[in-house]
file coords_11.txt (compact mmCIF, C-alpha atoms)
# COMPACT_ATOMS: atom_id res chain seq x y z
CA MET A 1 287.33 -24.42 126.82
CA GLN A 2 285.42 -25.13 130.03
CA HIS A 3 283.89 -28.54 130.57
CA ARG A 4 280.13 -28.04 130.95
CA ILE A 5 278.49 -29.93 133.83
CA ILE A 6 274.71 -29.65 134.07
CA VAL A 7 272.91 -30.88 137.19
CA LEU A 8 269.16 -31.38 136.77
CA GLY A 9 267.17 -31.00 139.99
CA ALA A 10 268.06 -29.27 143.26
CA GLY A 11 266.66 -31.75 145.74
CA TYR A 12 268.99 -33.31 148.29
CA SER A 13 270.92 -35.32 145.69
CA GLY A 14 271.25 -32.68 143.00
CA ALA A 15 272.14 -29.83 145.34
CA VAL A 16 274.71 -31.91 147.20
CA ALA A 17 276.28 -33.12 143.94
CA ALA A 18 276.57 -29.58 142.57
CA GLY A 19 278.24 -28.32 145.75
CA ARG A 20 280.64 -31.24 145.95
CA LEU A 21 281.65 -30.79 142.31
CA ALA A 22 282.39 -27.14 143.05
CA ARG A 23 284.70 -28.26 145.87
CA ARG A 24 286.48 -30.81 143.72
CA LEU A 25 287.08 -28.97 140.41
CA HIS A 26 288.89 -25.78 139.49
CA ARG A 27 286.55 -22.98 138.47
CA ASP A 28 288.63 -22.05 135.45
CA ASP A 29 288.16 -25.51 133.95
CA VAL A 30 284.48 -26.26 134.51
CA ALA A 31 281.13 -24.51 134.22
CA ILE A 32 278.67 -26.07 136.68
CA THR A 33 274.99 -25.19 136.21
CA LEU A 34 272.20 -26.32 138.51
CA VAL A 35 268.78 -26.36 136.83
CA ASN A 36 265.68 -26.33 139.05
CA ALA A 37 262.08 -25.30 138.55
CA GLU A 38 261.68 -23.72 142.01
CA PRO A 39 263.79 -20.91 143.48
CA ASP A 40 263.99 -22.55 146.92
CA PHE A 41 265.38 -25.79 148.27
CA VAL A 42 262.54 -27.96 149.58
CA GLU A 43 263.14 -30.14 152.64
CA ARG A 44 261.15 -33.05 151.35
CA VAL A 45 261.60 -35.03 154.56
CA ARG A 46 259.54 -32.37 156.36
CA MET A 47 256.50 -32.24 154.09
CA HIS A 48 254.31 -33.92 156.72
CA GLN A 49 255.20 -31.05 159.07
CA LEU A 50 254.31 -28.45 156.45
CA ALA A 51 250.99 -30.22 155.84
CA VAL A 52 249.85 -29.80 159.45
CA GLY A 53 250.59 -26.09 159.60
CA GLN A 54 254.20 -25.87 160.70
CA ASP A 55 256.31 -23.25 158.95
CA LEU A 56 259.62 -24.34 157.46
CA LYS A 57 262.74 -22.22 157.08
CA SER A 58 263.08 -20.57 153.68
CA ARG A 59 266.17 -21.72 151.81
CA PRO A 60 266.60 -19.73 148.55
CA LEU A 61 268.93 -21.55 146.16
CA GLY A 62 270.38 -18.28 144.90
CA GLY A 63 271.73 -17.43 148.33
CA MET A 64 272.92 -20.96 149.02
CA PHE A 65 275.06 -21.15 145.90
CA ALA A 66 276.19 -17.52 145.74
CA GLY A 67 279.97 -17.36 145.41
CA THR A 68 280.40 -21.13 145.03
CA GLY A 69 281.02 -21.17 141.29
CA VAL A 70 277.73 -23.00 140.68
CA GLY A 71 275.38 -21.19 138.32
CA LEU A 72 271.64 -21.45 138.95
CA ARG A 73 269.06 -21.58 136.17
CA LEU A 74 265.43 -21.46 137.26
CA ALA A 75 263.69 -23.53 134.62
CA GLU A 76 261.52 -26.59 134.15
CA VAL A 77 263.19 -29.46 132.32
CA THR A 78 260.96 -30.62 129.47
CA GLY A 79 263.24 -33.07 127.70
CA VAL A 80 266.73 -34.53 127.46
CA ASP A 81 268.48 -35.58 124.24
CA VAL A 82 271.35 -37.75 125.40
CA ASP A 83 272.58 -38.35 121.87
CA ARG A 84 272.91 -34.62 121.10
CA ARG A 85 273.83 -33.89 124.74
CA THR A 86 271.23 -31.17 125.20
CA VAL A 87 268.52 -30.40 127.75
CA ALA A 88 265.28 -28.64 126.76
CA VAL A 89 263.97 -26.20 129.35
CA VAL A 90 261.24 -23.63 129.89
CA ASP A 91 262.52 -20.71 131.93
CA ALA A 92 260.61 -19.01 134.73
CA ASP A 93 259.47 -16.29 132.32
CA GLY A 94 257.94 -18.91 129.99
CA GLY A 95 260.65 -18.81 127.35
CA ALA A 96 261.84 -22.11 125.89
CA GLY A 97 265.54 -22.82 125.58
CA GLU A 98 268.18 -25.49 125.24
CA VAL A 99 271.26 -26.18 127.37
CA GLY A 100 274.24 -28.16 126.11
CA TYR A 101 276.41 -30.31 128.35
CA ASP A 102 279.57 -32.39 128.38
CA THR A 103 278.58 -34.19 131.58
CA LEU A 104 275.01 -34.49 132.81
CA VAL A 105 273.95 -35.27 136.39
CA TYR A 106 270.32 -36.36 136.30
CA ALA A 107 268.63 -35.80 139.68
CA LEU A 108 265.03 -35.00 138.81
CA GLY A 109 263.77 -37.28 141.55
CA SER A 110 260.25 -38.60 141.92
CA GLY A 111 256.68 -37.69 142.72
CA TRP A 112 253.75 -39.53 144.19
CA ASP A 113 252.44 -42.71 142.61
CA ASP A 114 248.67 -43.24 142.59
CA GLN A 115 249.32 -46.79 141.26
CA GLY A 116 246.33 -46.48 138.96
CA VAL A 117 243.82 -46.84 141.79
CA PRO A 118 240.48 -45.38 140.63
CA GLY A 119 239.80 -41.97 142.15
CA ALA A 120 243.21 -41.56 143.80
CA ALA A 121 244.47 -38.91 141.38
CA GLU A 122 241.21 -36.96 141.61
CA HIS A 123 240.44 -37.17 145.32
CA ALA A 124 243.56 -38.09 147.31
CA HIS A 125 246.15 -35.68 148.69
CA GLU A 126 249.89 -36.26 148.47
CA ILE A 127 252.92 -34.90 150.32
CA SER A 128 255.78 -35.72 147.95
CA GLY A 129 256.40 -32.01 147.38
CA ARG A 130 255.57 -28.55 148.65
CA THR A 131 252.59 -27.96 146.35
CA GLY A 132 250.84 -31.10 147.55
CA ALA A 133 251.71 -30.48 151.20
CA LEU A 134 250.32 -26.94 151.07
CA ARG A 135 247.13 -28.17 149.40
CA LEU A 136 246.69 -30.74 152.17
CA ARG A 137 247.49 -28.10 154.78
CA GLU A 138 244.63 -25.93 153.54
CA ARG A 139 242.24 -28.88 153.48
CA LEU A 140 243.13 -30.06 156.99
CA ALA A 141 242.75 -26.54 158.36
CA GLY A 142 239.16 -26.51 157.10
CA LEU A 143 238.11 -29.78 158.77
CA ALA A 144 235.74 -29.70 161.70
CA ALA A 145 236.31 -31.74 164.84
CA GLY A 146 235.52 -35.42 164.50
CA GLN A 147 235.94 -35.62 160.72
CA PRO A 148 237.79 -38.70 159.42
CA VAL A 149 241.23 -38.62 157.79
CA VAL A 150 242.53 -41.78 156.11
CA VAL A 151 246.24 -42.21 155.39
CA VAL A 152 246.86 -44.91 152.77
CA GLY A 153 250.26 -46.58 152.94
CA GLY A 154 252.17 -48.20 155.79
CA GLY A 155 255.69 -47.15 154.75
CA LEU A 156 257.78 -44.57 156.56
CA THR A 157 256.01 -41.65 154.83
CA GLY A 158 252.61 -42.98 155.88
CA LEU A 159 253.72 -43.53 159.47
CA GLU A 160 255.08 -40.00 159.72
CA ALA A 161 252.03 -38.44 158.08
CA ALA A 162 249.52 -40.29 160.27
CA THR A 163 251.28 -39.51 163.54
CA GLU A 164 251.96 -35.87 162.62
CA ILE A 165 248.30 -35.27 161.72
CA ALA A 166 247.00 -37.07 164.81
CA GLU A 167 249.31 -35.12 167.11
CA ALA A 168 248.58 -31.74 165.53
CA ARG A 169 244.83 -32.38 165.28
CA PRO A 170 243.77 -34.71 168.11
CA ASP A 171 240.18 -33.70 167.38
CA LEU A 172 240.21 -35.60 164.06
CA ALA A 173 239.58 -39.32 163.57
CA VAL A 174 242.82 -40.49 161.93
CA ALA A 175 243.14 -43.96 160.40
CA LEU A 176 246.03 -45.69 158.63
CA VAL A 177 245.47 -48.37 155.97
CA ALA A 178 248.45 -50.69 155.41
CA ARG A 179 248.83 -53.45 152.83
CA SER A 180 250.87 -55.49 155.31
CA ALA A 181 251.33 -55.46 159.09
CA LEU A 182 251.92 -52.17 160.91
CA GLY A 183 255.67 -51.61 161.06
CA ASP A 184 256.41 -54.42 158.65
CA GLY A 185 260.18 -54.64 158.27
CA LEU A 186 260.92 -53.22 161.71
CA SER A 187 262.30 -55.15 164.67
CA ASP A 188 260.05 -56.45 167.45
CA LYS A 189 261.06 -53.47 169.59
CA GLY A 190 260.36 -51.06 166.74
CA ARG A 191 256.91 -52.52 166.03
CA ALA A 192 255.99 -52.53 169.72
CA HIS A 193 256.92 -48.87 170.07
CA LEU A 194 255.02 -47.97 166.91
CA ARG A 195 251.85 -49.62 168.22
CA LYS A 196 252.27 -47.85 171.55
CA VAL A 197 252.51 -44.43 169.87
CA PHE A 198 249.62 -45.14 167.51
CA GLY A 199 247.49 -46.20 170.47
CA ARG A 200 248.35 -43.10 172.48
CA LEU A 201 247.50 -40.87 169.53
CA GLY A 202 244.22 -42.69 168.91
CA ILE A 203 245.08 -43.75 165.34
CA THR A 204 242.94 -46.59 163.98
CA VAL A 205 244.94 -49.13 161.97
CA ARG A 206 243.63 -51.35 159.18
CA GLU A 207 246.34 -53.91 158.47
CA HIS A 208 246.57 -56.33 155.53
CA THR A 209 244.13 -54.17 153.62
CA VAL A 210 244.29 -53.14 149.96
CA VAL A 211 242.63 -49.91 148.82
CA THR A 212 240.77 -50.33 145.54
CA GLY A 213 239.12 -46.93 145.16
CA VAL A 214 239.07 -43.39 146.49
CA GLY A 215 236.02 -41.15 146.49
CA ALA A 216 235.43 -37.60 147.61
CA ASP A 217 234.27 -38.83 151.04
CA ARG A 218 235.33 -42.46 151.27
CA VAL A 219 237.93 -45.15 150.64
CA THR A 220 236.91 -48.60 149.42
CA THR A 221 238.92 -51.76 150.06
CA ALA A 222 239.39 -55.11 148.38
CA ASP A 223 237.44 -56.90 151.09
CA GLY A 224 234.36 -54.81 150.33
CA GLY A 225 234.88 -52.37 153.16
CA VAL A 226 234.10 -48.66 153.02
CA LEU A 227 236.00 -46.19 155.19
CA PRO A 228 234.62 -42.65 155.61
CA ALA A 229 237.26 -40.10 154.61
CA ALA A 230 236.80 -36.35 154.58
CA VAL A 231 240.47 -36.34 153.53
CA THR A 232 242.52 -39.16 152.01
CA VAL A 233 246.32 -38.89 152.15
CA TRP A 234 248.11 -41.13 149.63
CA THR A 235 251.60 -42.37 150.64
CA THR A 236 251.95 -45.72 148.88
CA GLY A 237 255.20 -44.99 147.07
CA PHE A 238 256.94 -42.81 144.52
CA ALA A 239 257.15 -42.72 140.73
CA VAL A 240 260.17 -41.24 138.97
CA HIS A 241 260.01 -38.29 136.61
CA PRO A 242 259.01 -39.61 133.15
CA ILE A 243 261.66 -37.73 131.14
CA ALA A 244 264.35 -40.43 131.35
CA ARG A 245 262.01 -43.04 129.91
CA ALA A 246 261.61 -40.90 126.78
CA THR A 247 265.37 -40.91 126.08
CA THR A 248 267.69 -43.60 124.71
CA LEU A 249 269.16 -44.14 128.18
CA GLU A 250 268.94 -47.66 129.53
CA VAL A 251 266.17 -47.56 132.14
CA THR A 252 264.20 -50.05 134.18
CA GLY A 253 260.55 -50.84 133.61
CA THR A 254 259.67 -48.08 136.06
CA GLY A 255 261.83 -45.50 134.29
CA ARG A 256 264.84 -45.42 136.63
CA ILE A 257 268.23 -44.95 134.96
CA VAL A 258 270.48 -48.00 135.26
CA VAL A 259 273.88 -47.00 136.66
CA ASP A 260 277.13 -48.62 137.75
CA ALA A 261 278.83 -48.33 141.14
CA THR A 262 279.96 -44.76 140.35
CA MET A 263 276.38 -43.70 139.44
CA ARG A 264 277.36 -43.54 135.75
CA SER A 265 274.80 -44.59 133.15
CA VAL A 266 275.61 -48.02 131.76
CA SER A 267 274.52 -46.89 128.30
CA HIS A 268 275.75 -43.27 128.11
CA PRO A 269 279.08 -42.59 129.88
CA ASP A 270 278.57 -38.81 129.95
CA VAL A 271 275.38 -39.17 132.05
CA TYR A 272 275.22 -39.82 135.80
CA ALA A 273 271.98 -40.46 137.70
CA ILE A 274 271.50 -40.02 141.44
CA GLY A 275 268.70 -40.10 143.97
CA ASP A 276 265.32 -41.62 143.20
CA ALA A 277 266.01 -41.38 139.46
CA ALA A 278 268.81 -43.97 139.61
CA MET A 279 268.65 -47.74 139.74
CA ALA A 280 271.77 -48.50 141.73
CA THR A 281 272.63 -51.53 143.79
CA GLY A 282 274.08 -51.71 147.27
CA PRO A 283 275.31 -54.54 149.50
CA GLY A 284 274.11 -57.95 148.39
CA ASP A 285 273.28 -56.49 144.97
CA LYS A 286 270.00 -55.21 146.37
CA PRO A 287 268.54 -52.08 144.73
CA LEU A 288 268.97 -48.97 146.84
CA ARG A 289 265.62 -47.70 148.10
CA MET A 290 264.26 -44.30 147.19
CA SER A 291 265.31 -42.19 150.16
CA CYS A 292 267.53 -39.37 151.33
CA ALA A 293 269.68 -42.06 152.97
CA SER A 294 270.49 -43.41 149.50
CA GLY A 295 270.42 -40.16 147.53
CA VAL A 296 273.04 -38.16 149.43
CA PRO A 297 275.75 -40.88 149.40
CA ALA A 298 274.96 -41.44 145.70
CA ALA A 299 275.54 -37.73 145.09
CA TRP A 300 278.91 -37.92 146.83
CA GLN A 301 279.81 -40.97 144.76
CA ALA A 302 278.84 -39.38 141.45
CA ALA A 303 280.57 -36.07 142.15
CA ASP A 304 283.79 -37.77 143.21
CA ALA A 305 283.69 -40.08 140.18
CA ILE A 306 283.16 -37.18 137.77
CA ALA A 307 286.01 -35.24 139.37
CA ALA A 308 288.30 -38.28 139.26
CA ARG A 309 287.61 -38.97 135.60
CA LEU A 310 288.14 -35.34 134.65
CA THR A 311 291.35 -34.89 136.64
CA GLY A 312 292.91 -38.31 136.22
CA GLY A 313 292.41 -39.13 139.88
CA LYS A 314 291.42 -42.35 141.62
CA LEU A 315 287.80 -43.44 141.29
CA PRO A 316 285.84 -43.66 144.56
CA ASP A 317 285.51 -47.15 145.98
CA VAL A 318 283.17 -46.60 148.92
CA PRO A 319 280.09 -48.84 148.72
CA ILE A 320 276.79 -47.23 149.66
CA ARG A 321 275.30 -48.90 152.72
CA TYR A 322 272.62 -48.30 155.33
CA PHE A 323 272.91 -47.76 159.07
CA ASN A 324 269.43 -46.95 160.32
CA ARG A 325 265.94 -45.79 159.40
CA CYS A 326 264.90 -42.56 161.09
CA VAL A 327 261.17 -42.09 161.66
CA SER A 328 259.49 -39.11 163.29
CA LEU A 329 256.25 -39.94 165.09
CA GLY A 330 255.06 -36.42 165.74
CA ARG A 331 257.22 -33.77 167.38
CA THR A 332 257.92 -35.57 170.66
CA GLU A 333 258.26 -39.22 169.62
CA GLY A 334 260.54 -41.00 167.19
CA LEU A 335 261.95 -44.34 166.16
CA ILE A 336 265.52 -45.04 165.05
CA GLN A 337 265.61 -48.56 163.67
CA TYR A 338 269.13 -49.88 163.22
CA VAL A 339 269.66 -52.00 160.12
CA THR A 340 272.27 -54.11 158.38
CA ALA A 341 274.28 -52.75 155.45
CA ASP A 342 271.61 -54.07 153.06
CA ASP A 343 268.77 -52.46 155.05
CA ARG A 344 267.44 -55.39 157.10
CA ALA A 345 266.25 -54.52 160.60
CA VAL A 346 268.23 -55.74 163.59
CA GLY A 347 267.01 -55.94 167.16
CA ALA A 348 268.45 -52.62 168.30
CA ALA A 349 266.31 -49.48 168.10
CA LEU A 350 266.07 -46.09 169.79
CA THR A 351 262.63 -44.86 170.81
CA GLY A 352 260.86 -41.97 172.48
CA ARG A 353 261.99 -38.37 172.86
CA PHE A 354 265.67 -39.15 172.33
CA ALA A 355 264.81 -40.74 168.99
CA ALA A 356 262.80 -37.63 168.05
CA VAL A 357 265.81 -35.43 168.82
CA TYR A 358 268.05 -37.79 166.82
CA LYS A 359 265.75 -37.58 163.79
CA GLU A 360 265.60 -33.78 164.06
CA LEU A 361 269.40 -33.59 164.09
CA VAL A 362 269.55 -35.81 161.00
CA CYS A 363 267.10 -33.53 159.18
CA LYS A 364 268.98 -30.40 160.21
CA GLY A 365 272.29 -31.96 159.22
CA ALA A 366 271.01 -32.88 155.77
CA ALA A 367 269.64 -29.36 155.24
CA TRP A 368 272.89 -27.80 156.49
CA GLY A 369 274.87 -29.87 154.00
CA VAL A 370 272.73 -28.54 151.16
CA ALA A 371 272.66 -24.95 152.44
CA ASN A 372 276.47 -24.85 152.79
CA PRO A 373 277.55 -26.56 149.56
CA THR A 374 281.25 -25.74 149.71
CA LEU A 375 281.77 -26.11 153.46
CA GLY A 376 282.33 -29.20 155.55
CA LEU A 377 284.91 -31.32 153.76
CA PRO A 378 288.31 -29.90 152.83
CA THR A 379 288.22 -28.14 149.47
CA ARG A 380 290.62 -29.66 146.93
CA ARG A 381 289.92 -28.08 143.55
CA ARG A 382 291.93 -30.02 141.00
CA ARG A 383 292.66 -28.99 137.43
CA VAL A 384 290.90 -30.81 134.62
CA VAL A 385 293.24 -32.86 132.46
CA ARG A 386 290.78 -34.71 130.23
CA ALA A 387 287.10 -34.69 129.45
CA ALA A 388 284.77 -37.38 130.75
CA GLY A 389 282.56 -39.38 128.43
CA ARG A 390 283.00 -39.53 124.68
CA THR A 391 285.17 -36.48 123.90
CA GLY A 392 288.46 -37.50 125.49
CA SER A 393 290.06 -34.15 124.61
CA ALA A 394 292.46 -32.31 126.87
CA VAL A 395 290.91 -29.19 128.35
CA GLY A 396 293.29 -28.18 131.10
CA THR A 397 296.53 -28.84 132.91
CA SER A 398 297.34 -30.71 136.04
CA ALA A 399 297.58 -28.64 139.21

call {"tool": "encode", "arguments": {"input": "coords_11.txt", "output": "structure tokens"}}
result
Amino acid sequence: MQHRIIVLGAGYSGAVAAGRLARRLHRDDVAITLVNAEPDFVERVRMHQLAVGQDLKSRPLGGMFAGTGVGLRLAEVTGVDVDRRTVAVVDADGGAGEVGYDTLVYALGSGWDDQGVPGAAEHAHEISGRTGALRLRERLAGLAAGQPVVVVGGGLTGLEAATEIAEARPDLAVALVARSALGDGLSDKGRAHLRKVFGRLGITVREHTVVTGVGADRVTTADGGVLPAAVTVWTTGFAVHPIARATTLEVTGTGRIVVDATMRSVSHPDVYAIGDAAMATGPGDKPLRMSCASGVPAAWQAADAIAARLTGGKLPDVPIRYFNRCVSLGRTEGLIQYVTADDRAVGAALTGRFAAVYKELVCKGAAWGVANPTLGLPTRRRRVVRAAGRTGSAVGTSA
């Protein structure tokens, strides 16, 4: 009987994990199913580009996984019962169903977090996914010259959104509101370059400012200030999908699934969590940040661990670490901030056009890895010798 592996979510982490599992395990022994609500892979790291009117390459999941041994089910996940080992779904045609698993890879990711700020959910735009980016795209296209756009959030998403909008629409009055200093966490060289680019693009910066409300035409701040805003773009962070919190999985206060070094749930050994949905630690026991830079290595780790446990192989022992932070600042400028293994900025940084090319290559490389799920690394499909998790039954023979 085939061992059933269900992967929930076809973002960077989920899609990479499904493809790597297909490379590692013999098709006769496992049934790998990737469940995703949308038929296409979404390059989330390019949503700021989509928002300003740039067209992105279509990447249908059906074509990407054709012939790989990975089955695709287009459905929305509505619940997970980790005690019965089932996933409740609503298919694209509206029909409800249930999918059973022996091993679950939970990669449902995250969406935007309005942090409970009054008016943010009603009036702000977000770019955590394609729907939000397209909605913002339509709104920006309808703005007249001189109208104000306020980007709330000084993290990497906010920096990319503000610079992309200002470059694409130099006729708009773009402002960025940051809770801390502009480029907080970057090196001196990185911060200096950021200020130079913001100045050249004419972006107004409000540092050390907390937004306390969002209206249809304004943003209010804790110091009593009012900023005109024909459009408000909210980039203050991400919130994970709420489904995990409703299960008996051990989760954090924010709903992230607590995992060990192999991305395996500490409470349910037949569940693995990767990407933004997982609370994993890296060097120095620091939590890995929500990012593609964390999610893809976590997917490799989980897939290799699942394959090892099923085939009796050696568990992966490659700690997840950071090397740099890649920031696009429009289409012609970029910033590559080198960091320590635990994500602290060092003095070295690449800037300018070369950094923009570097970031573009990183984005293309990540998309290529998803679009070619069984290419790249050597394929070593091993035979399953025992089931992972609670069953422990033999389901195959050694190759």

call {"tool": "residues_around", "arguments": {"input": "coords_11.txt", "residues": "A:Ile274", "least_positions_apart": "3", "cutoff": "7 Å", "atoms": "only C-alpha atoms", "output": "list in words"}}
result
Ser13, Tyr106, Ala107, Met263, Ala277, Ala278, Gly295, Ala298 and Ala299 of chain A

call {"tool": "atom_distance", "arguments": {"input": "coords_11.txt", "atom1": "atom CA of A:Leu134", "atom2": "atom CA of A:Ala15"}}
result
22.7 Å

call {"tool": "residues_around", "arguments": {"input": "coords_11.txt", "residues": "A:Glu98", "least_positions_apart": "3", "cutoff": "8 Å", "atoms": "only C-alpha atoms", "output": "short mmCIF file (atom, residue, chain, number, x, y, z; two decimals) with C-alpha atoms, in the coordinates of the input"}}
result
data_model
loop_
_atom_site.label_atom_id
_atom_site.label_comp_id
_atom_site.auth_asym_id
_atom_site.auth_seq_id
_atom_site.Cartn_x
_atom_site.Cartn_y
_atom_site.Cartn_z
CA THR A 86 271.23 -31.17 125.20
CA VAL A 87 268.52 -30.40 127.75
CA ALA A 88 265.28 -28.64 126.76
CA VAL A 89 263.97 -26.20 129.35
#

call {"tool": "closest_atom_pairs", "arguments": {"input": "coords_11.txt", "of": "stretch 260-307 of chain A", "to": "stretch 152-173 of chain A", "cutoff": "12 Å", "atoms": "all atoms listed in the file", "output": "CSV"}}
result
residue,atom,partner,partner_atom,distance
A:Arg289,CA,A:Leu156,CA,12.0
A:Met290,CA,A:Leu156,CA,11.4
A:Ser291,CA,A:Leu156,CA,10.2

call {"tool": "atom_distance", "arguments": {"input": "coords_11.txt", "atom1": "atom CA of A:His3", "atom2": "atom CA of A:Leu25"}}
result
10.4 Å

call {"tool": "atom_distance", "arguments": {"input": "coords_11.txt", "atom1": "atom CA of A:Asp184", "atom2": "atom CA of A:Thr281"}}
result
22.2 Å

call {"tool": "closest_residue", "arguments": {"input": "coords_11.txt", "among": "A:Lys189, A:Lys314, A:Lys359, A:Arg325", "to": "A:Gln337", "atoms": "all atoms listed in the file"}}
result
A:Arg325

call {"tool": "residues_around", "arguments": {"input": "coords_11.txt", "residues": "A:Gly79", "least_positions_apart": "2", "cutoff": "12 Å", "atoms": "all atoms listed in the file", "output": "list in words"}}
result
Leu8, Ala75, Glu76, Val77, Asp81, Val82, Arg84, Arg85, Thr86, Val87, Ala88, Val89, Val90, Ala96, Gly97, Glu98, Val99, Tyr106, Leu108, His241, Pro242, Ile243, Ala244, Arg245, Ala246, Thr247 and Thr248 of chain A
